[in-house]
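A.B. asks: My structure is stored as final_12.txt, with compact mmCIF, C-alpha atoms.
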# COMPACT_ATOMS: atom_id res chain seq x y z
CA MET A 1 -18.65 -10.83 -18.69
CA ARG A 2 -16.70 -10.58 -21.87
CA PRO A 3 -19.22 -12.18 -24.29
CA LYS A 4 -22.01 -9.89 -23.20
CA GLY A 5 -19.92 -6.78 -23.40
CA ALA A 6 -18.40 -7.83 -26.66
CA THR A 7 -21.60 -8.78 -28.40
CA THR A 8 -23.53 -5.72 -27.35
CA LYS A 9 -20.66 -3.63 -28.47
CA GLU A 10 -20.48 -5.15 -31.90
CA PRO A 11 -23.41 -3.42 -33.63
CA GLU A 12 -22.53 -0.15 -31.99
CA MET A 13 -19.02 -0.42 -33.37
CA ALA A 14 -20.25 -1.50 -36.77
CA THR A 15 -22.67 1.30 -37.43
CA PRO A 16 -20.14 3.87 -38.55
CA GLN A 17 -19.02 1.40 -41.15
CA ASP A 18 -22.53 0.95 -42.52
CA ALA A 19 -21.77 -2.74 -42.70
CA GLY A 20 -24.07 -3.86 -39.90
CA ASP A 21 -27.09 -3.27 -42.14
CA GLU A 22 -26.24 -6.10 -44.48
CA GLY A 23 -27.24 -8.73 -41.92
CA GLY A 24 -25.53 -12.12 -41.56
CA LEU A 25 -22.10 -12.47 -40.14
CA VAL A 26 -20.19 -9.26 -39.66
CA PHE A 27 -16.69 -9.28 -38.27
CA HIS A 28 -14.94 -6.19 -37.20
CA PRO A 29 -12.34 -7.68 -34.89
CA MET A 30 -9.99 -4.77 -35.37
CA ASP A 31 -12.46 -1.98 -34.74
CA GLN A 32 -11.82 -2.22 -31.01
CA PHE A 33 -8.32 -0.88 -31.64
CA ILE A 34 -9.43 2.32 -33.37
CA VAL A 35 -8.06 5.37 -31.63
CA LYS A 36 -10.70 8.06 -31.45
CA PRO A 37 -11.33 11.14 -29.35
CA PHE A 38 -12.77 10.26 -25.97
CA PHE A 39 -14.84 13.43 -25.69
CA GLY A 40 -17.16 14.46 -28.51
CA ASP A 41 -18.05 12.60 -31.70
CA GLY A 42 -15.26 13.74 -33.98
CA THR A 43 -12.75 11.38 -35.52
CA GLU A 44 -9.99 13.92 -35.89
CA VAL A 45 -7.05 12.99 -33.65
CA ALA A 46 -4.54 15.78 -33.11
CA TRP A 47 -1.37 15.12 -31.09
CA TYR A 48 -2.90 16.64 -27.96
CA THR A 49 -6.42 15.15 -28.27
CA VAL A 50 -7.58 13.12 -25.29
CA THR A 51 -8.40 9.82 -26.94
CA ASN A 52 -9.63 6.48 -25.64
CA ALA A 53 -5.97 5.42 -25.68
CA THR A 54 -5.08 8.38 -23.50
CA VAL A 55 -7.82 7.58 -21.03
CA TRP A 56 -6.80 3.95 -20.63
CA MET A 57 -3.13 4.84 -20.34
CA PHE A 58 -3.97 7.14 -17.47
CA LEU A 59 -6.24 4.57 -15.91
CA ALA A 60 -3.18 2.33 -15.89
CA VAL A 61 -1.23 5.10 -14.15
CA ILE A 62 -4.05 5.51 -11.63
CA ALA A 63 -4.19 1.75 -11.06
CA THR A 64 -0.44 1.76 -10.40
CA PHE A 65 -0.89 4.68 -8.02
CA LEU A 66 -3.74 2.96 -6.18
CA LEU A 67 -1.88 -0.29 -5.82
CA LEU A 68 1.59 0.93 -4.92
CA VAL A 69 0.94 4.24 -3.16
CA ILE A 70 -2.50 3.92 -1.58
CA GLY A 71 -1.95 0.19 -1.04
CA SER A 72 1.25 0.75 0.91
CA SER A 73 0.07 3.85 2.77
CA GLY A 74 -0.48 1.79 5.93
CA ARG A 75 3.28 1.07 6.17
CA ALA A 76 2.24 -1.84 8.33
CA THR A 77 4.76 -4.38 9.57
CA VAL A 78 1.99 -6.93 9.19
CA PRO A 79 0.65 -5.92 5.78
CA SER A 80 -2.93 -5.57 4.63
CA ARG A 81 -4.05 -7.39 1.49
CA MET A 82 -3.37 -4.45 -0.81
CA GLN A 83 0.00 -3.85 0.78
CA SER A 84 0.86 -7.53 0.35
CA VAL A 85 0.13 -7.29 -3.36
CA ALA A 86 2.17 -4.09 -3.64
CA GLU A 87 5.07 -5.73 -1.82
CA LEU A 88 4.72 -8.82 -3.98
CA ALA A 89 4.99 -6.70 -7.15
CA TYR A 90 7.96 -4.83 -5.70
CA GLY A 91 9.71 -8.02 -4.64
CA PHE A 92 8.94 -9.74 -7.93
CA VAL A 93 10.56 -7.06 -10.10
CA TYR A 94 13.33 -6.27 -7.60
CA LYS A 95 14.41 -9.88 -7.45
CA MET A 96 14.26 -10.15 -11.24
CA VAL A 97 16.52 -7.12 -11.65
CA GLU A 98 18.91 -8.29 -8.96
CA ASP A 99 19.11 -11.87 -10.22
CA ILE A 100 19.73 -10.93 -13.84
CA CYS A 101 21.69 -7.67 -13.68
CA GLY A 102 23.42 -8.17 -10.33
CA LYS A 103 23.90 -5.53 -7.65
CA GLU A 104 24.77 -2.81 -10.18
CA GLY A 105 21.42 -3.26 -11.88
CA VAL A 106 19.48 -2.35 -8.75
CA LYS A 107 20.11 1.30 -9.58
CA TYR A 108 17.85 0.95 -12.62
CA PHE A 109 15.10 -0.83 -10.70
CA PRO A 110 12.68 2.16 -10.73
CA TYR A 111 12.83 2.35 -14.54
CA ILE A 112 12.15 -1.33 -14.95
CA MET A 113 9.42 -1.23 -12.32
CA THR A 114 7.82 1.66 -14.26
CA LEU A 115 7.76 -0.40 -17.44
CA PHE A 116 6.41 -3.47 -15.67
CA MET A 117 3.68 -1.69 -13.75
CA PHE A 118 2.53 0.29 -16.78
CA ILE A 119 2.38 -2.74 -19.05
CA VAL A 120 0.78 -5.08 -16.55
CA CYS A 121 -1.87 -2.51 -15.53
CA ALA A 122 -2.64 -1.56 -19.13
CA ASN A 123 -2.93 -5.22 -20.10
CA PHE A 124 -5.26 -6.13 -17.26
CA LEU A 125 -7.41 -3.02 -17.61
CA GLY A 126 -7.66 -3.81 -21.33
CA LEU A 127 -9.39 -7.08 -20.41
CA ILE A 128 -12.40 -5.23 -19.07
CA PRO A 129 -15.14 -5.53 -21.68
CA THR A 130 -15.39 -2.44 -23.94
CA ALA A 131 -12.03 -1.29 -22.67
CA PHE A 132 -9.23 -0.07 -24.87
CA THR A 133 -5.80 -1.65 -24.57
CA PRO A 134 -2.95 0.80 -25.15
CA THR A 135 -0.39 -2.02 -25.21
CA SER A 136 -2.07 -3.51 -28.30
CA HIS A 137 -0.73 -0.57 -30.29
CA PHE A 138 2.65 -0.58 -31.92
CA ALA A 139 2.92 3.14 -31.28
CA VAL A 140 3.09 2.34 -27.58
CA THR A 141 5.21 -0.80 -27.62
CA VAL A 142 7.66 0.59 -30.15
CA VAL A 143 8.25 3.60 -27.94
CA LEU A 144 8.74 1.33 -24.93
CA ALA A 145 11.09 -0.99 -26.79
CA LEU A 146 13.04 1.83 -28.42
CA ALA A 147 13.41 3.54 -25.07
CA VAL A 148 14.89 0.34 -23.67
CA PHE A 149 17.07 -0.19 -26.73
CA LEU A 150 18.46 3.34 -26.76
CA THR A 151 18.95 3.47 -23.00
CA VAL A 152 20.76 0.15 -22.98
CA THR A 153 22.95 1.01 -25.97
CA ILE A 154 23.93 4.43 -24.63
CA LEU A 155 24.46 3.03 -21.16
CA GLY A 156 26.63 0.28 -22.60
CA PHE A 157 28.92 2.77 -24.31
CA VAL A 158 29.00 5.11 -21.33
CA LYS A 159 29.85 2.34 -18.89
CA ASN A 160 32.27 0.33 -21.00
CA GLY A 161 33.39 2.70 -23.76
CA THR A 162 34.36 0.78 -26.86
CA GLY A 163 34.56 -2.29 -24.66
CA PHE A 164 30.82 -2.54 -25.20
CA LEU A 165 31.58 -3.76 -28.72
CA SER A 166 33.02 -6.94 -27.24
CA LEU A 167 29.38 -7.93 -26.91
CA PHE A 168 29.56 -8.70 -30.63
CA TRP A 169 33.02 -10.28 -30.54
CA VAL A 170 32.56 -13.76 -29.17
CA ALA A 171 35.95 -14.37 -27.57
CA SER A 172 35.18 -18.00 -26.74
CA ALA A 173 34.57 -18.93 -30.41
CA PRO A 174 37.33 -19.99 -32.83
CA LEU A 175 38.98 -16.99 -34.43
CA ALA A 176 37.80 -17.85 -37.93
CA LEU A 177 34.20 -17.90 -36.83
CA ARG A 178 34.28 -14.64 -34.93
CA PRO A 179 33.64 -12.23 -37.83
CA ILE A 180 30.63 -14.26 -38.93
CA LEU A 181 29.35 -14.45 -35.38
CA ALA A 182 29.91 -10.72 -35.02
CA ILE A 183 27.62 -10.07 -37.99
CA ILE A 184 24.97 -12.40 -36.58
CA GLU A 185 25.26 -10.81 -33.15
CA LEU A 186 25.01 -7.34 -34.66
CA ILE A 187 21.89 -8.22 -36.63
CA SER A 188 20.30 -9.89 -33.61
CA TYR A 189 21.13 -6.84 -31.55
CA PHE A 190 19.25 -4.54 -33.90
CA VAL A 191 16.35 -6.95 -34.21
CA ARG A 192 15.87 -6.79 -30.46
CA PRO A 193 13.66 -3.68 -30.32
CA VAL A 194 11.57 -5.02 -33.20
CA SER A 195 10.86 -8.38 -31.58
CA HIS A 196 10.59 -6.72 -28.20
CA SER A 197 7.79 -4.41 -29.32
CA ILE A 198 5.96 -6.69 -31.75
CA ARG A 199 5.85 -9.55 -29.25
CA LEU A 200 3.88 -7.52 -26.73
CA ALA A 201 1.51 -5.72 -29.10
CA GLY A 202 1.06 -8.81 -31.25
CA ASN A 203 0.08 -11.06 -28.36
CA VAL A 204 -2.33 -8.60 -26.84
CA MET A 205 -3.87 -7.64 -30.19
CA ALA A 206 -4.23 -11.24 -31.38
CA GLY A 207 -6.01 -12.35 -28.22
CA HIS A 208 -8.44 -9.45 -28.29
CA ALA A 209 -9.12 -9.90 -32.00
CA VAL A 210 -9.79 -13.63 -31.57
CA ILE A 211 -12.26 -12.91 -28.79
CA LYS A 212 -13.97 -10.45 -31.09
CA VAL A 213 -14.20 -13.03 -33.88
CA PHE A 214 -15.80 -15.54 -31.52
CA ALA A 215 -18.17 -12.82 -30.40
CA GLY A 216 -19.16 -12.34 -34.04
CA PHE A 217 -20.05 -16.03 -34.28
CA ALA A 218 -22.29 -15.66 -31.24
CA ALA A 219 -24.81 -13.93 -33.51
CA ILE A 220 -25.78 -17.34 -34.89
CA ALA A 221 -28.06 -19.01 -32.33
CA VAL A 222 -26.85 -22.56 -33.02
CA ILE A 223 -23.20 -21.76 -32.60
CA SER A 224 -23.54 -19.21 -29.84
CA PRO A 225 -23.09 -21.62 -26.86
CA VAL A 226 -19.85 -22.88 -28.38
CA SER A 227 -18.89 -19.33 -29.13
CA VAL A 228 -19.54 -18.20 -25.58
CA LEU A 229 -17.51 -21.13 -24.25
CA ALA A 230 -14.69 -20.28 -26.63
CA ILE A 231 -14.75 -16.66 -25.53
CA THR A 232 -14.60 -17.73 -21.89
CA ALA A 233 -11.65 -20.02 -22.53
CA MET A 234 -9.93 -17.34 -24.60
CA TYR A 235 -10.53 -14.80 -21.87
CA GLY A 236 -8.82 -17.07 -19.35
CA LEU A 237 -5.90 -17.44 -21.71
CA GLU A 238 -5.77 -13.68 -22.17
CA VAL A 239 -5.54 -13.14 -18.41
CA LEU A 240 -2.49 -15.38 -18.46
CA VAL A 241 -1.07 -13.66 -21.54
CA SER A 242 -1.55 -10.22 -19.99
CA PHE A 243 0.73 -11.10 -17.13
CA ILE A 244 3.18 -13.25 -19.06
CA GLN A 245 3.75 -10.63 -21.73
CA ALA A 246 4.40 -7.95 -19.14
CA TYR A 247 6.78 -10.37 -17.44
CA VAL A 248 8.53 -11.24 -20.70
CA PHE A 249 8.92 -7.59 -21.65
CA THR A 250 10.39 -6.82 -18.25
CA ILE A 251 12.74 -9.78 -18.09
CA LEU A 252 14.04 -9.06 -21.60
CA THR A 253 14.66 -5.48 -20.52
CA CYS A 254 16.70 -6.87 -17.63
CA VAL A 255 18.65 -9.16 -19.96
CA TYR A 256 19.44 -6.27 -22.31
CA LEU A 257 20.46 -4.16 -19.34
CA LYS A 258 22.76 -6.94 -18.19
CA ASP A 259 24.43 -6.89 -21.61
CA ALA A 260 25.04 -3.17 -21.20
CA LEU A 261 26.51 -3.60 -17.72
CA HIS A 262 28.53 -6.73 -18.44
CA PRO A 263 29.10 -6.95 -22.20
CA HIS A 264 31.63 -9.77 -21.96
CA HIS A 265 30.19 -13.17 -22.64
CA MET B 1 1.07 9.74 -43.28
CA ALA B 2 -0.53 6.46 -44.14
CA THR B 3 -4.07 7.24 -43.18
CA GLU B 4 -5.38 5.28 -46.10
CA THR B 5 -4.49 1.75 -45.04
CA THR B 6 -7.89 0.56 -46.13
CA HIS B 7 -8.60 -2.56 -48.11
CA ALA B 8 -10.51 -1.65 -51.20
CA GLU B 9 -12.78 -4.64 -51.07
CA GLY B 10 -15.73 -2.73 -52.39
CA VAL B 11 -18.41 -4.32 -50.21
CA VAL B 12 -17.17 -3.11 -46.87
CA GLU B 13 -16.88 0.60 -46.92
CA ALA B 14 -13.75 2.26 -45.51
CA GLY B 15 -12.70 0.72 -42.16
CA PRO B 16 -8.97 0.57 -41.52
CA GLY B 17 -7.38 -2.83 -41.87
CA MET B 18 -5.26 -2.40 -38.79
CA PRO B 19 -5.75 0.67 -36.62
CA GLN B 20 -2.26 -0.02 -35.25
CA LEU B 21 -0.80 0.98 -38.60
CA ASP B 22 -2.80 4.19 -38.82
CA PHE B 23 0.20 6.42 -38.33
CA SER B 24 -1.92 9.55 -37.98
CA THR B 25 -2.64 8.57 -34.37
CA TRP B 26 0.96 7.71 -33.50
CA GLY B 27 1.93 11.22 -32.52
CA ASN B 28 -0.99 11.44 -30.16
CA GLN B 29 -0.32 8.05 -28.59
CA ILE B 30 3.40 8.67 -28.20
CA PHE B 31 2.75 12.07 -26.64
CA TRP B 32 0.36 10.70 -24.04
CA LEU B 33 2.43 7.57 -23.48
CA VAL B 34 5.48 9.64 -22.63
CA ILE B 35 3.43 11.67 -20.17
CA ALA B 36 1.95 8.52 -18.64
CA LEU B 37 5.37 6.93 -18.30
CA ILE B 38 6.87 10.03 -16.71
CA ALA B 39 3.92 10.20 -14.31
CA THR B 40 4.34 6.52 -13.43
CA TYR B 41 8.08 6.95 -12.99
CA LEU B 42 7.66 9.95 -10.70
CA ILE B 43 5.00 8.18 -8.63
CA LEU B 44 7.18 5.11 -8.28
CA SER B 45 10.56 6.70 -7.69
CA ARG B 46 9.36 9.50 -5.42
CA VAL B 47 6.74 7.80 -3.31
CA ALA B 48 5.92 4.17 -3.86
CA LEU B 49 9.26 2.40 -4.16
CA PRO B 50 11.10 4.16 -1.30
CA ARG B 51 8.09 3.56 0.93
CA ILE B 52 7.72 -0.12 0.10
CA GLY B 53 11.48 -0.59 0.32
CA ALA B 54 11.49 1.05 3.75
CA VAL B 55 8.59 -1.11 4.92
CA LEU B 56 10.33 -4.26 3.75
CA ALA B 57 13.64 -3.24 5.34
CA GLU B 58 11.85 -2.34 8.56
CA ARG B 59 10.07 -5.67 8.57
CA SER B 60 13.24 -7.66 8.05
CA GLY B 61 14.87 -5.55 10.79
CA THR B 62 12.00 -6.25 13.14
CA ILE B 63 12.14 -9.94 12.37
CA THR B 64 15.90 -10.05 12.96
CA ASN B 65 15.50 -8.17 16.23
CA ASP B 66 12.69 -10.41 17.36
CA ILE B 67 14.71 -13.50 16.57
CA ALA B 68 17.69 -12.07 18.49
CA ALA B 69 15.41 -11.22 21.43
CA ALA B 70 13.92 -14.70 21.32
CA GLU B 71 17.43 -16.15 21.30
CA ASP B 72 18.29 -13.99 24.34
CA LEU B 73 15.20 -15.07 26.20
CA LYS B 74 15.96 -18.68 25.38
CA VAL B 75 19.45 -18.34 26.87
CA LYS B 76 17.96 -16.63 29.92
CA ALA B 77 15.40 -19.37 30.29
CA ALA B 78 18.15 -21.99 30.11
CA GLU B 79 20.11 -20.10 32.77
CA ALA B 80 17.07 -19.83 34.96
CA GLU B 81 16.46 -23.53 34.58
CA LYS B 82 20.05 -24.26 35.52
CA ALA B 83 19.78 -22.01 38.57
CA TYR B 84 16.55 -23.70 39.53
CA ASP B 85 18.11 -27.11 39.19
CA LYS B 86 21.07 -26.01 41.26
CA ALA B 87 18.81 -24.58 43.96
CA LEU B 88 16.83 -27.77 43.96
CA ALA B 89 19.95 -29.89 44.28
CA ASP B 90 21.26 -27.62 47.07
CA ALA B 91 17.98 -27.83 48.92
CA ARG B 92 18.03 -31.55 48.60
CA THR B 93 21.55 -31.92 50.00
CA GLU B 94 20.66 -29.49 52.78
CA ALA B 95 17.59 -31.51 53.61
CA GLN B 96 19.59 -34.69 53.62
CA LYS B 97 22.16 -33.12 55.90
CA ILE B 98 19.45 -31.95 58.28
CA VAL B 99 17.84 -35.35 58.24
CA ALA B 100 21.19 -37.01 58.93
CA GLU B 101 21.90 -34.61 61.78
CA ALA B 102 18.49 -35.15 63.27
CA LYS B 103 18.93 -38.87 62.95
CA ALA B 104 22.36 -38.74 64.62
CA GLU B 105 21.00 -36.66 67.48
CA ILE B 106 18.10 -38.93 68.00
CA GLN B 107 20.45 -41.89 67.89
CA LYS B 108 22.64 -40.25 70.50
CA ASP B 109 19.69 -39.55 72.77
CA LEU B 110 18.47 -43.02 72.22
CA ASN B 111 21.85 -44.52 72.99
CA ALA B 112 22.12 -42.47 76.17
CA ALA B 113 18.64 -43.48 77.24
CA ILE B 114 19.40 -47.12 76.48
CA ALA B 115 22.66 -46.94 78.39
CA LYS B 116 20.91 -45.32 81.34
CA ALA B 117 18.17 -47.88 81.24
CA ASP B 118 20.78 -50.64 81.06
CA ASP B 119 22.57 -49.18 84.05
CA GLU B 120 19.40 -48.96 86.01
CA ILE B 121 18.49 -52.49 85.08
CA ALA B 122 21.95 -53.67 86.03
CA ALA B 123 21.75 -51.87 89.37
CA LYS B 124 18.33 -53.23 90.03
CA SER B 125 19.34 -56.77 89.15
CA ALA B 126 22.43 -56.45 91.38
CA ASP B 127 20.20 -55.37 94.26
CA SER B 128 17.89 -58.22 93.58
CA GLU B 129 20.82 -60.59 93.45
CA LYS B 130 22.00 -59.34 96.78
CA ALA B 131 18.54 -59.65 98.29
CA ILE B 132 18.18 -63.14 96.92
CA THR B 133 21.59 -64.10 98.28
CA GLU B 134 20.65 -62.70 101.65
CA ILE B 135 17.34 -64.45 101.59
CA ARG B 136 19.05 -67.65 100.58
CA ALA B 137 21.67 -67.25 103.30
CA SER B 138 19.06 -66.55 105.92
CA ALA B 139 17.04 -69.49 104.69
CA MET B 140 20.05 -71.79 104.98
CA GLU B 141 20.71 -70.42 108.40
CA ASN B 142 17.14 -71.03 109.36
CA VAL B 143 17.24 -74.51 107.97
CA GLU B 144 20.42 -75.24 109.95
CA LYS B 145 18.93 -73.79 113.05
CA VAL B 146 15.68 -75.70 112.57
CA ALA B 147 17.65 -78.85 111.85
CA LYS B 148 19.76 -78.41 115.02
CA ASP B 149 16.70 -77.63 117.09
CA THR B 150 14.84 -80.57 115.60
CA ALA B 151 17.81 -82.82 116.06
CA LYS B 152 18.12 -81.74 119.74
CA GLU B 153 14.42 -82.28 120.25
CA ILE B 154 14.55 -85.70 118.56
CA VAL B 155 17.55 -86.71 120.61
CA ALA B 156 15.81 -85.47 123.73
CA ALA B 157 12.61 -87.26 122.79
CA LEU B 158 14.51 -90.49 122.20
CA GLY B 159 15.68 -90.18 125.63
CA GLY B 160 19.16 -89.25 125.11
CA LYS B 161 20.77 -86.45 126.70
CA ALA B 162 21.64 -84.25 123.95
CA ASP B 163 24.81 -82.37 124.15
CA ALA B 164 24.06 -79.20 122.22
CA LYS B 165 27.61 -78.83 120.96
CA THR B 166 27.86 -82.34 119.59
CA VAL B 167 24.47 -82.21 117.92
CA ASN B 168 25.31 -78.90 116.28
CA ALA B 169 28.57 -80.25 114.98
CA ALA B 170 26.88 -83.38 113.72
CA VAL B 171 24.18 -81.39 111.90
CA ALA B 172 26.71 -79.00 110.42
CA ASN B 173 28.77 -81.94 109.33
CA ARG B 174 25.77 -83.61 107.85
CA MET B 175 24.63 -80.49 105.95
CA LYS B 176 28.01 -79.95 104.43
CA GLY B 177 27.80 -83.37 102.88
Show me this structure written as structure tokens.
C.D. replies:
Amino acid sequence: MRPKGATTKEPEMATPQDAGDEGGLVFHPMDQFIVKPFFGDGTEVAWYTVTNATVWMFLAVIATFLLLVIGSSGRATVPSRMQSVAELAYGFVYKMVEDICGKEGVKYFPYIMTLFMFIVCANFLGLIPTAFTPTSHFAVTVVLALAVFLTVTILGFVKNGTGFLSLFWVASAPLALRPILAIIELISYFVRPVSHSIRLAGNVMAGHAVIKVFAGFAAIAVISPVSVLAITAMYGLEVLVSFIQAYVFTILTCVYLKDALHPHH
Amino acid sequence: MATETTHAEGVVEAGPGMPQLDFSTWGNQIFWLVIALIATYLILSRVALPRIGAVLAERSGTITNDIAAAEDLKVKAAEAEKAYDKALADARTEAQKIVAEAKAEIQKDLNAAIAKADDEIAAKSADSEKAITEIRASAMENVEKVAKDTAKEIVAALGGKADAKTVNAAVANRMKG
């Protein structure tokens, strides 16, 4: 599915750049990430414009709605397939929150479930050929990560007062080492949102770009079978990555939340 | 805003190096992302999660109830089995008792019948004994009489004058020996 969609898309994407006319190998692996208005031909993107990013974000919302609301509408004691999947997703995230954050963390389960469902749906929908992947954009992941970072930090101070700072003061270490450790802990704390956001966008973007590069090679007849095979393999990997990255983002959110709830090491 | 993140490579015209770093679209993306997240959150917290949670709780409740009911039924079944066993054992003892009673009664009847039969046999054999004794006595009498008569006749035939009294005494004497 992917090779066909990707290769047919290539010239169409390349034309605005006027580069497709030169013949030979043309790579535009990053063109798939261009945000442009969904309706009309313009390239101007105002803050309210409905772009391809907007459309795919809302498709992710709709997918979440279909799975969790329509899927569970039967309320059956013996669940249908859709309901089973919805319950599986619910149980998966619920257990994660409960295991990592403890009973107090359950209160924040809807927030974490929101993050997980949005990311996982956006990732999987982004795997449809010619689709746009919102989670490949730093604008999206930075907002998600910053939201988590700010929520967790504020929550930590609200719940524990200045006691939250004990997160940086490793009481189990020798006294002489503690100031040094405190600096390291502090730096690592502020690096969290950076790694948190770049990990997700970077993984998704890299996979999609690599597929696009292989698709570019498919233009050469001799290499094309290898290229198609490579795209297929890469696609399989991307399916895995889509889920794993959503999982990693969610579990890290839980870990950060745990730090806010129980800052003592 | 860094709209011009293009590589001036000359050959390839324009084309952003990384659309992710085209900050002119960030405002748009963030705006729609926030709306999408709020929509997702409202859908989840208002409808989906309470419903799924309720379904799961209901299911675990149903399962617990069913297991309890099954446990109850099991206990009842065990009780019923015990009662059945007891009834069976009772019936068996009852039957044995009845059999024993019947046997005793029959034995009694039988004993009575045997005793009666024995009595009758004894009576009959006593009668027979008596008859035989009589017959024997009469036979002896007859023999004595015949012997006396014969002896008288023989004496008479031999020419002697037989004194009846003497002959009788002689015969009786002889027969005693």
A.B. asks: Give me, as a PyMOL selection string, all polymer residues having an atom no more than 9 Å from segment 49-56 of chain B, counting all atoms listed in the file and skipping those fewer than 3 positions away in the same chain.
C.D. replies: (chain A and resi 68-69+72-73+75-77+83+86-87+90+110+113) or (chain B and resi 43-46+59-61)
A.B. asks: Calculate how many Å separate atom CA of Ile183 of chain A from atom CA of Leu257 of chain A, rounding to one decimal.
C.D. replies: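 For atom CA of Ile183 of chain A relative to atom CA of Leu257 of chain A, the distance reads 20.8 Å.
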A.B. asks: Quick check: residues of chain B within 8 Å of chain A, only C-alpha atoms, returned as a short mmCIF file (atom, residue, chain, number, x, y, z; two decimals) with C-alpha atoms, in the coordinates of the input.
C.D. replies:
data_model
loop_
_atom_site.label_atom_id
_atom_site.label_comp_id
_atom_site.auth_asym_id
_atom_site.auth_seq_id
_atom_site.Cartn_x
_atom_site.Cartn_y
_atom_site.Cartn_z
CA VAL B 12 -17.17 -3.11 -46.87
CA GLU B 13 -16.88 0.60 -46.92
CA ALA B 14 -13.75 2.26 -45.51
CA GLY B 15 -12.70 0.72 -42.16
CA GLY B 17 -7.38 -2.83 -41.87
CA MET B 18 -5.26 -2.40 -38.79
CA PRO B 19 -5.75 0.67 -36.62
CA GLN B 20 -2.26 -0.02 -35.25
CA LEU B 21 -0.80 0.98 -38.60
CA SER B 24 -1.92 9.55 -37.98
CA THR B 25 -2.64 8.57 -34.37
CA TRP B 26 0.96 7.71 -33.50
CA GLY B 27 1.93 11.22 -32.52
CA ASN B 28 -0.99 11.44 -30.16
CA GLN B 29 -0.32 8.05 -28.59
CA ILE B 30 3.40 8.67 -28.20
CA PHE B 31 2.75 12.07 -26.64
CA TRP B 32 0.36 10.70 -24.04
CA LEU B 33 2.43 7.57 -23.48
CA ALA B 36 1.95 8.52 -18.64
CA LEU B 37 5.37 6.93 -18.30
CA ALA B 39 3.92 10.20 -14.31
CA THR B 40 4.34 6.52 -13.43
CA TYR B 41 8.08 6.95 -12.99
CA ILE B 43 5.00 8.18 -8.63
CA LEU B 44 7.18 5.11 -8.28
CA SER B 45 10.56 6.70 -7.69
CA VAL B 47 6.74 7.80 -3.31
CA ALA B 48 5.92 4.17 -3.86
CA LEU B 49 9.26 2.40 -4.16
CA ARG B 51 8.09 3.56 0.93
CA ILE B 52 7.72 -0.12 0.10
CA VAL B 55 8.59 -1.11 4.92
CA LEU B 56 10.33 -4.26 3.75
CA GLU B 58 11.85 -2.34 8.56
CA ARG B 59 10.07 -5.67 8.57
#
A.B. asks: Using Å and a single decimal, report how far atom CA of Leu200 of chain A sits from atom CA of Ile231 of chain A.
C.D. replies: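 One can read the atom CA of Ile231 of chain A to atom CA of Leu200 of chain A distance as 20.8 Å.
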A.B. asks: Have a look at atom CA of Gly105 of chain A and atom CA of Thr250 of chain A and let me know their distance in Å, one decimal.
C.D. replies: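 Between atom CA of Gly105 of chain A and atom CA of Thr250 of chain A the gap is 13.2 Å.
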